[in-house]
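Source file: target-v5.txt. Holds: compact mmCIF, C-alpha atoms and all ligand atoms.
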# COMPACT_ATOMS: atom_id res chain seq x y z
CA MET A 14 90.91 112.51 119.66
CA SER A 15 91.72 115.55 117.59
CA ASP A 16 93.16 115.39 114.10
CA PRO A 17 96.98 115.63 114.39
CA SER A 18 97.28 117.50 111.10
CA GLY A 19 94.42 119.79 112.02
CA SER A 20 93.61 120.28 108.36
CA SER A 21 91.81 117.40 106.69
CA VAL A 22 88.13 117.88 105.94
CA ARG A 23 87.36 114.61 104.20
CA PRO A 24 88.79 111.45 105.79
CA ARG A 25 92.12 110.44 104.28
CA VAL A 26 92.91 107.20 102.52
CA LEU A 27 96.34 105.86 101.66
CA SER A 28 97.27 102.64 99.94
CA GLY A 29 99.89 101.19 97.66
CA VAL A 30 100.96 98.16 95.68
CA GLN A 31 104.48 96.97 94.94
CA PRO A 32 105.75 97.23 91.37
CA THR A 33 106.84 93.62 91.31
CA GLY A 34 105.51 91.75 88.32
CA ALA A 35 102.14 92.11 86.70
CA LEU A 36 99.17 92.99 88.89
CA HIS A 37 96.57 90.24 89.02
CA LEU A 38 92.88 89.86 89.77
CA GLY A 39 93.62 89.57 93.51
CA ASN A 40 95.34 92.95 93.55
CA TRP A 41 92.47 94.50 91.64
CA LEU A 42 89.59 92.94 93.54
CA GLY A 43 91.23 92.96 96.97
CA ALA A 44 92.76 96.42 96.80
CA ILE A 45 92.63 98.76 93.81
CA ARG A 46 88.92 98.33 93.06
CA ASN A 47 88.14 99.59 96.55
CA TRP A 48 90.38 102.61 96.09
CA VAL A 49 88.32 103.73 93.12
CA ALA A 50 85.13 103.72 95.15
CA LEU A 51 86.67 105.96 97.84
CA GLN A 52 87.79 108.81 95.58
CA ASP A 53 84.64 110.92 95.89
CA SER A 54 84.06 110.62 99.60
CA HIS A 55 87.69 110.67 100.76
CA GLU A 56 90.94 112.48 100.18
CA THR A 57 93.01 109.75 98.56
CA PHE A 58 96.74 109.05 98.22
CA PHE A 59 97.90 106.08 96.16
CA CYS A 60 101.58 105.28 95.85
CA VAL A 61 103.60 102.76 93.91
CA VAL A 62 105.74 101.29 96.68
CA ASP A 63 109.01 100.80 94.84
CA LEU A 64 111.13 100.86 98.02
CA HIS A 65 109.22 97.79 99.17
CA ALA A 66 110.00 96.07 95.87
CA ILE A 67 113.71 95.87 96.70
CA THR A 68 113.21 94.02 100.00
CA VAL A 69 113.66 90.82 98.00
CA PRO A 70 116.28 90.46 95.25
CA HIS A 71 115.17 92.57 92.27
CA ASP A 72 116.22 93.27 88.71
CA PRO A 73 117.42 96.90 88.35
CA ARG A 74 116.64 96.80 84.62
CA ARG A 75 112.96 96.26 85.36
CA LEU A 76 112.27 98.47 88.39
CA ALA A 77 111.58 101.77 86.57
CA GLU A 78 109.42 100.13 83.90
CA ASP A 79 107.45 98.14 86.48
CA THR A 80 106.93 101.32 88.50
CA LEU A 81 105.53 103.16 85.47
CA SER A 82 103.33 100.27 84.40
CA THR A 83 101.92 99.90 87.93
CA ALA A 84 101.10 103.62 88.01
CA ALA A 85 99.44 103.31 84.58
CA LEU A 86 97.40 100.38 85.86
CA TYR A 87 96.16 102.44 88.80
CA LEU A 88 94.83 105.00 86.35
CA ALA A 89 93.50 102.34 83.99
CA CYS A 90 91.57 100.79 86.91
CA GLY A 91 89.81 104.11 87.42
CA ILE A 92 92.02 106.13 89.75
CA ASP A 93 91.48 109.72 88.66
CA PRO A 94 94.52 111.96 89.17
CA GLN A 95 92.22 115.00 89.32
CA ARG A 96 90.79 113.63 92.56
CA ALA A 97 93.53 111.32 93.88
CA THR A 98 97.21 111.93 94.55
CA VAL A 99 99.15 109.28 92.63
CA PHE A 100 102.87 109.10 93.29
CA VAL A 101 106.00 106.97 93.54
CA GLN A 102 107.12 106.17 97.09
CA SER A 103 110.85 106.66 96.43
CA HIS A 104 110.18 110.14 95.02
CA VAL A 105 109.21 111.31 98.51
CA SER A 106 112.26 110.91 100.74
CA ALA A 107 110.18 111.40 103.90
CA HIS A 108 109.15 107.72 103.61
CA SER A 109 112.70 106.49 104.18
CA GLU A 110 113.35 109.08 106.85
CA LEU A 111 110.24 108.39 108.92
CA CYS A 112 110.97 104.68 108.53
CA TRP A 113 114.31 105.23 110.27
CA LEU A 114 112.75 107.17 113.12
CA LEU A 115 110.10 104.47 113.58
CA ASN A 116 112.75 101.73 113.38
CA CYS A 117 114.36 103.08 116.49
CA VAL A 118 111.18 102.74 118.58
CA THR A 119 109.86 99.47 117.14
CA PRO A 120 110.70 96.33 119.14
CA LEU A 121 112.51 93.72 117.08
CA ASN A 122 110.20 90.93 118.22
CA TRP A 123 107.16 92.76 116.78
CA LEU A 124 108.79 92.36 113.36
CA GLU A 125 110.00 88.82 113.86
CA ARG A 126 106.46 87.59 114.38
CA MET A 127 105.02 89.03 111.14
CA ILE A 128 103.52 86.17 109.13
CA GLN A 129 104.51 87.62 105.77
CA PHE A 130 108.12 88.01 106.91
CA LYS A 131 108.26 84.41 108.07
CA GLU A 132 106.76 83.16 104.79
CA LYS A 133 109.00 85.28 102.58
CA ALA A 134 112.12 84.58 104.67
CA LEU A 135 111.51 80.88 104.25
CA LYS A 136 111.47 81.32 100.47
CA GLN A 137 114.68 83.41 100.50
CA GLY A 138 116.72 80.78 102.33
CA ASP A 139 119.93 82.35 103.65
CA ASN A 140 119.50 85.48 101.52
CA VAL A 141 117.17 87.46 103.82
CA SER A 142 117.88 91.20 103.93
CA ALA A 143 117.38 93.49 106.91
CA GLY A 144 114.99 95.35 104.59
CA LEU A 145 112.66 92.36 104.43
CA LEU A 146 112.35 92.32 108.21
CA ASP A 147 111.87 96.09 108.19
CA TYR A 148 109.23 96.03 105.44
CA PRO A 149 106.27 96.61 107.80
CA VAL A 150 107.96 99.63 109.42
CA LEU A 151 108.38 101.24 106.01
CA MET A 152 104.73 100.45 105.36
CA ALA A 153 103.81 102.09 108.69
CA ALA A 154 105.78 105.16 107.61
CA ASP A 155 103.87 105.24 104.28
CA ILE A 156 100.57 105.29 106.11
CA LEU A 157 101.40 107.49 109.09
CA LEU A 158 103.03 110.24 106.98
CA TYR A 159 99.65 111.05 105.44
CA ASP A 160 97.56 110.94 108.63
CA ALA A 161 95.52 108.25 106.89
CA ASP A 162 92.18 107.41 108.48
CA LEU A 163 91.62 104.35 106.31
CA VAL A 164 93.88 101.90 104.54
CA PRO A 165 92.14 99.70 101.96
CA VAL A 166 94.04 96.43 101.54
CA GLY A 167 93.47 92.72 101.12
CA GLU A 168 93.23 90.49 104.15
CA ASP A 169 96.89 89.46 104.02
CA GLN A 170 97.92 92.98 105.06
CA LYS A 171 95.83 93.12 108.23
CA GLN A 172 98.71 92.23 110.52
CA HIS A 173 100.88 94.98 109.01
CA LEU A 174 98.09 97.48 109.61
CA GLU A 175 97.86 96.46 113.25
CA LEU A 176 101.60 96.98 113.55
CA ALA A 177 101.29 100.49 112.10
CA ARG A 178 98.55 101.25 114.65
CA ASP A 179 100.66 99.93 117.52
CA ILE A 180 103.70 101.93 116.45
CA ALA A 181 101.65 105.13 116.16
CA GLN A 182 99.75 104.66 119.39
CA GLN A 183 102.10 102.90 121.78
CA ARG A 184 105.53 103.87 120.54
CA ILE A 185 105.05 107.45 119.32
CA ASN A 186 101.90 109.02 120.76
CA ALA A 187 102.02 107.38 124.19
CA ARG A 188 105.71 108.09 124.67
CA PHE A 189 106.32 111.37 122.95
CA ALA A 190 103.09 113.39 122.91
CA PRO A 191 103.15 115.67 125.98
CA ASP A 192 99.38 116.12 125.74
CA PRO A 193 97.33 112.95 125.05
CA GLU A 194 94.67 115.17 123.49
CA GLN A 195 97.25 116.23 120.90
CA PRO A 196 98.58 113.02 119.37
CA ILE A 197 101.55 113.23 117.03
CA LEU A 198 100.38 110.56 114.61
CA LYS A 199 96.90 109.60 113.49
CA VAL A 200 96.05 105.95 114.25
CA PRO A 201 94.72 104.40 111.00
CA GLU A 202 91.97 101.83 110.51
CA PRO A 203 92.14 98.99 107.97
CA LEU A 204 89.43 98.79 105.34
CA ILE A 205 89.02 95.21 104.21
CA LEU A 206 85.93 94.48 102.16
CA ARG A 207 84.75 90.91 102.35
CA GLU A 208 84.11 90.36 98.66
CA GLY A 209 87.39 90.04 96.81
CA ALA A 210 89.50 90.31 99.98
CA ARG A 211 91.04 86.92 99.24
CA VAL A 212 91.10 85.76 95.65
CA MET A 213 92.54 82.26 95.54
CA SER A 214 94.87 80.61 93.03
CA LEU A 215 93.34 79.05 89.90
CA THR A 216 95.40 75.93 90.47
CA ASP A 217 94.77 75.53 94.21
CA GLY A 218 91.66 76.91 95.87
CA THR A 219 93.33 76.85 99.27
CA SER A 220 96.25 79.20 98.53
CA LYS A 221 95.90 82.84 97.58
CA MET A 222 96.49 84.17 94.09
CA SER A 223 99.97 85.64 94.23
CA LYS A 224 102.54 87.38 92.04
CA SER A 225 105.23 85.09 93.36
CA ASP A 226 103.63 81.75 92.46
CA PRO A 227 106.03 80.20 89.92
CA ASN A 228 103.07 78.80 87.98
CA GLU A 229 101.66 81.60 85.79
CA GLY A 230 98.54 79.53 85.25
CA SER A 231 97.66 80.16 88.89
CA ARG A 232 96.78 83.83 88.29
CA ILE A 233 95.09 86.06 85.74
CA THR A 234 97.00 89.29 85.30
CA LEU A 235 95.20 92.50 84.42
CA LEU A 236 97.03 92.65 81.09
CA ASP A 237 96.50 89.03 80.01
CA PRO A 238 95.01 88.95 76.48
CA PRO A 239 91.57 87.28 76.06
CA GLU A 240 92.98 83.99 74.75
CA VAL A 241 95.34 83.69 77.72
CA ILE A 242 92.51 84.38 80.17
CA THR A 243 90.35 81.77 78.47
CA ARG A 244 93.16 79.20 78.50
CA LYS A 245 94.00 79.78 82.18
CA ILE A 246 90.36 79.42 83.20
CA LYS A 247 89.97 76.32 81.05
CA ARG A 248 92.89 74.71 82.89
CA ALA A 249 91.84 75.90 86.34
CA LYS A 250 91.48 73.19 88.97
CA THR A 251 87.99 71.77 89.38
CA ASP A 252 86.35 68.93 91.30
CA PRO A 253 84.06 66.10 90.20
CA VAL A 254 80.90 67.62 91.71
CA MET A 255 78.10 69.05 89.54
CA GLY A 256 76.87 72.58 90.29
CA LEU A 257 78.72 75.59 91.72
CA GLU A 258 78.29 76.62 95.37
CA PHE A 259 79.76 78.86 98.05
CA SER A 260 81.21 77.92 101.43
CA ASN A 261 81.49 74.15 101.04
CA PRO A 262 84.80 73.44 102.82
CA GLU A 263 85.28 70.39 100.59
CA ARG A 264 85.09 72.59 97.47
CA PRO A 265 87.47 75.56 97.75
CA GLU A 266 87.78 75.87 93.95
CA ALA A 267 84.01 76.13 93.49
CA ASP A 268 83.81 78.82 96.15
CA ASN A 269 86.66 80.82 94.61
CA LEU A 270 85.57 80.63 90.98
CA LEU A 271 81.93 81.33 91.76
CA GLY A 272 83.01 84.37 93.79
CA LEU A 273 85.15 85.52 90.90
CA TYR A 274 82.26 85.06 88.50
CA ALA A 275 79.98 87.21 90.67
CA LEU A 276 82.56 90.00 90.77
CA MET A 277 83.42 89.81 87.07
CA ALA A 278 79.80 89.65 85.88
CA GLY A 279 78.66 92.35 88.30
CA LEU A 280 76.22 90.02 90.07
CA SER A 281 75.52 89.67 93.77
CA ARG A 282 76.80 86.46 95.34
CA GLU A 283 73.22 85.25 95.71
CA GLN A 284 72.45 85.91 92.03
CA ALA A 285 75.61 84.08 90.92
CA ALA A 286 74.91 81.14 93.25
CA THR A 287 71.36 80.79 91.92
CA ALA A 288 72.42 81.07 88.28
CA CYS A 289 75.15 78.43 88.60
CA ALA A 290 73.61 76.08 91.20
CA SER A 291 73.09 73.22 88.76
CA MET A 292 75.66 74.14 86.14
CA GLY A 293 78.50 71.75 85.33
CA TRP A 294 82.11 72.96 85.13
CA GLY A 295 82.04 72.56 81.34
CA ALA A 296 79.30 75.16 81.02
CA PHE A 297 80.54 77.38 83.82
CA LYS A 298 84.12 77.92 82.68
CA PRO A 299 83.36 79.62 79.33
CA LEU A 300 80.90 81.87 81.17
CA LEU A 301 83.54 82.88 83.69
CA ALA A 302 86.12 83.39 80.93
CA GLU A 303 83.82 85.65 78.97
CA ALA A 304 82.83 87.72 82.01
CA THR A 305 86.51 88.15 82.92
CA VAL A 306 87.54 89.16 79.39
CA GLU A 307 84.71 91.71 79.28
CA ALA A 308 85.49 93.09 82.74
CA LEU A 309 89.14 93.62 81.81
CA ARG A 310 88.58 94.94 78.29
CA PRO A 311 88.01 98.65 79.14
CA LEU A 312 90.87 98.57 81.62
CA GLN A 313 93.27 97.14 79.03
CA ARG A 314 92.19 99.69 76.42
CA ARG A 315 92.80 102.57 78.83
CA TYR A 316 96.18 101.11 79.81
CA ALA A 317 97.31 101.01 76.18
CA GLU A 318 96.30 104.66 75.72
CA LEU A 319 98.19 105.74 78.83
CA ARG A 320 101.36 103.92 77.84
CA SER A 321 101.29 105.47 74.38
CA ASP A 322 101.61 108.91 76.00
CA PRO A 323 104.48 108.68 78.52
CA GLY A 324 104.67 112.46 78.97
CA SER A 325 101.27 112.76 80.57
CA LEU A 326 101.85 109.79 82.87
CA GLU A 327 105.09 111.38 84.07
CA ALA A 328 103.26 114.69 84.59
CA VAL A 329 100.67 112.91 86.77
CA LEU A 330 103.44 111.41 88.90
CA GLU A 331 105.24 114.74 89.22
CA GLU A 332 102.11 116.52 90.34
CA GLY A 333 101.41 113.68 92.75
CA ARG A 334 104.93 113.92 94.14
CA GLU A 335 104.52 117.61 94.84
CA ARG A 336 101.22 117.15 96.68
CA ALA A 337 102.56 114.17 98.62
CA VAL A 338 105.76 115.97 99.69
CA THR A 339 103.79 118.83 101.24
CA VAL A 340 101.75 116.52 103.47
CA ALA A 341 104.58 114.12 104.26
CA GLU A 342 107.09 116.81 105.21
CA ALA A 343 104.65 118.38 107.67
CA THR A 344 104.17 115.05 109.47
CA LEU A 345 107.86 114.25 109.45
CA GLN A 346 108.50 117.65 111.03
CA ARG A 347 106.04 116.90 113.85
CA VAL A 348 107.79 113.60 114.57
CA ARG A 349 111.29 115.07 114.41
CA SER A 350 110.31 117.78 116.79
CA ALA A 351 108.51 115.41 119.18
CA LEU A 352 111.62 113.19 119.27
CA GLY A 353 113.70 116.21 120.21
CA PHE A 354 115.90 116.73 117.16
CA LEU A 355 117.73 120.01 116.78
CA ALA A 356 115.97 122.02 114.07
CA ALA A 357 118.07 122.83 111.01
CA GLY A 358 119.05 126.49 110.80
P1 LIG B 1 100.95 92.42 96.67
O1 LIG B 1 100.58 91.66 95.45
O2 LIG B 1 101.38 91.53 97.78
O3 LIG B 1 101.88 93.56 96.39
O4 LIG B 1 99.61 93.09 97.21
C1 LIG B 1 99.05 94.30 96.78
C2 LIG B 1 97.63 94.48 97.31
O5 LIG B 1 96.77 93.49 96.75
C3 LIG B 1 97.48 94.31 98.83
O6 LIG B 1 96.49 95.20 99.31
C4 LIG B 1 97.03 92.91 98.99
O7 LIG B 1 96.30 92.72 100.18
C5 LIG B 1 96.15 92.71 97.76
N1 LIG B 1 96.16 91.31 97.35
C6 LIG B 1 97.25 90.60 96.91
N2 LIG B 1 96.91 89.34 96.59
C7 LIG B 1 95.57 89.24 96.83
C8 LIG B 1 94.62 88.18 96.68
N3 LIG B 1 94.96 86.99 96.21
N4 LIG B 1 93.34 88.44 97.02
C9 LIG B 1 92.97 89.65 97.46
N5 LIG B 1 93.81 90.69 97.63
C10 LIG B 1 95.10 90.51 97.31
N1 LIG B 2 102.63 95.75 101.91
C1 LIG B 2 101.60 96.09 100.97
C2 LIG B 2 101.30 94.86 100.10
O1 LIG B 2 102.08 94.02 99.85
C3 LIG B 2 102.00 97.22 100.08
C4 LIG B 2 102.10 98.50 100.84
C5 LIG B 2 103.23 99.17 101.15
C6 LIG B 2 101.01 99.23 101.37
N2 LIG B 2 102.92 100.32 101.82
C7 LIG B 2 101.58 100.38 101.98
C8 LIG B 2 99.63 99.03 101.38
C9 LIG B 2 100.79 101.32 102.64
C10 LIG B 2 98.85 99.98 102.03
C11 LIG B 2 99.44 101.11 102.66
O2 LIG B 2 100.26 94.80 99.61
Just give me the structure of the file as C-alpha cells.
Amino acid sequence: MSDPSGSSVRPRVLSGVQPTGALHLGNWLGAIRNWVALQDSHETFFCVVDLHAITVPHDPRRLAEDTLSTAALYLACGIDPQRATVFVQSHVSAHSELCWLLNCVTPLNWLERMIQFKEKALKQGDNVSAGLLDYPVLMAADILLYDADLVPVGEDQKQHLELARDIAQQRINARFAPDPEQPILKVPEPLILREGARVMSLTDGTSKMSKSDPNEGSRITLLDPPEVITRKIKRAKTDPVMGLEFSNPERPEADNLLGLYALMAGLSREQAATACASMGWGAFKPLLAEATVEALRPLQRRYAELRSDPGSLEAVLEEGRERAVTVAEATLQRVRSALGFLAAG
C-alpha cells in the first residue's frame, strides 16, 4: 500500500496523554518512556489531548495549567522539541473537524462496546456526555490526521487503536477511495512494549495504576517529592511470602513491584528477579524507594527549570502547533474531498 501523504521518509509516530491530574509511573513507563526512544528513528508528534480531558466533568480553572504542566512533563521526560513536534490538541482545529467527519461513518455499536467507555460510564452514573462515547473517534482523528504508522500506548488503549484502524480501513478507505492502491488514510499499528505496559496500583496488584483512583497512595506521580515516594512505597500492599518473584498468580503485588524495581533501577527482569529472590519485603521496599527517587530526580529537576521559564515552553507549543497544522490540514483536505464536499472558494 502506498503512503497516502506521499511525503514521509521516516515512519511517523503520534501519541498523547490527557492533561487530567498528575502523570504517574504508569503513564511514564507505559507510554512516554517509549516515545523518547522513538525520536531518532521516527518522525514524532506528541500532543496534550485537552479535548479528551473534557469528556468527563472538568474544572475550567485547572485545564490550562494542567495542559502546560503535562507539556512540561513531556519535555522533562526527554521529549526533545528539536526532533519531536509537541503541541496542544485543541490548538489544531482539524482534530475536532475530522472527528465530526469520522463520527458520521462510525457505527454507534462500535462505540458502545468500548471497554473504557463502559467503565467510565459506570463511574459517571447518569451524567454521561455524548463526548465520552465519542472519545475514541476523537482519538482516531488525532492519529489519522498525521498518517501515523505507529502509536505507542499502554495496553489499555489497544481497543481504541483497533477502532481507529477499522474506521480508516473499513469506513473511509474501503468506501471512499476510488483506487484501493491510493488509500485516503494510513492504517496505524499499535506499539505496546511488554515491560511497563501495565503498571499496577500500589494498593492492589490486580488493578492498574490510574489517575482516577481516589486513593493517592495507589500511585506514584512523576512530581512526588522523595519523602512522598518513600512513604507510598512503605505503605504499598504486600503479602506474607518471603522473596520477590515474577508471574506467580497468587502474588500480583510481588510481580508488580519487582517489575517496577527492574525498570527504576535499570536492570533486566532476570537481574532483578535474581537479586531479590530471597529478599524480604522489609529489605526490598527501601531499595525500590531509593531506585524510584533516583530515577525521577533528573526528570523533576528538568521540570522545575522548564516551569521557571514559561516563555520558552509557550514558544515550543507554538512551533509545534504550526508544524502540526500543516500536516493535519493536508489530511483533512484529502478526507473532505473524498467525502465530496464543495471546496471553499
Ligand atoms: P491516561 O492516564 O489514561 O490518560 O493514559 C495515558 C497513557 O498512559 C496511555 O498510553 C495509557 O495506556 C498509559 N497508561 C495509563 N495508565 C497506565 C498503567 N497503569 N500502566 C501502563 N500504562 C498506562
Ligand atoms: N486515549 C488515550 C489515553 O487515555 C489518550 C489519547 C488521545 C491518545 N488521543 C490519542 C493516545 C492518540 C495515542 C494517540 O491514554
Ligand LIG 1 (chain B), all listed atoms, 5 Å padding on each side: what axis-aligned box centre and edge lengths in Å to one decimal come out, as lines of an AutoDock Vina configuration file?
center_x = 97.4
center_y = 91.1
center_z = 97.8
size_x = 18.9
size_y = 18.2
size_z = 14.7
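With all atoms listed in the file as the atoms that count, the minimum distance from ligand LIG 1 (chain B) to the choices A:Ala161, A:Leu301, A:Val30, A:Ala286 is reached by A:Val30.
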Tell me, counting only C-alpha atoms, for each residue of segment 48-141 of chain A within 12 Å of segment 181-188 of chain A, which pair of atoms is nearest and how far apart they are in Å to one decimal, in rows ordered by chain and increasing number, as CSV.
residue,atom,partner,partner_atom,distance
A:Leu111,CA,A:Ile185,CA,11.7
A:Leu114,CA,A:Ile185,CA,9.9
A:Leu115,CA,A:Ile185,CA,8.2
A:Asn116,CA,A:Arg184,CA,10.4
A:Cys117,CA,A:Arg184,CA,9.7
A:Val118,CA,A:Arg184,CA,6.1
A:Thr119,CA,A:Arg184,CA,7.0
A:Pro120,CA,A:Arg184,CA,9.2
A:Trp123,CA,A:Arg184,CA,11.8
| request: Could you report the residues within 6 Å of ligand LIG 1 (chain B), using all atoms listed in the file, as a VMD selection string? | output: chain A and resid 30 to 31 39 to 40 43 to 44 166 to 170 209 to 213 221 to 224
| query | Can I get the residues close to ligand LIG 2 (chain B) as a PyMOL selection string, where close means within 7 Å and we count all atoms listed in the file? | reply | chain A and resi 27-31+62+65+149+151-153+155-156+164-166+170
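A straight line drawn from atom CA of Met255 of chain A to atom CA of Gly230 of chain A is 23.4 Å long.
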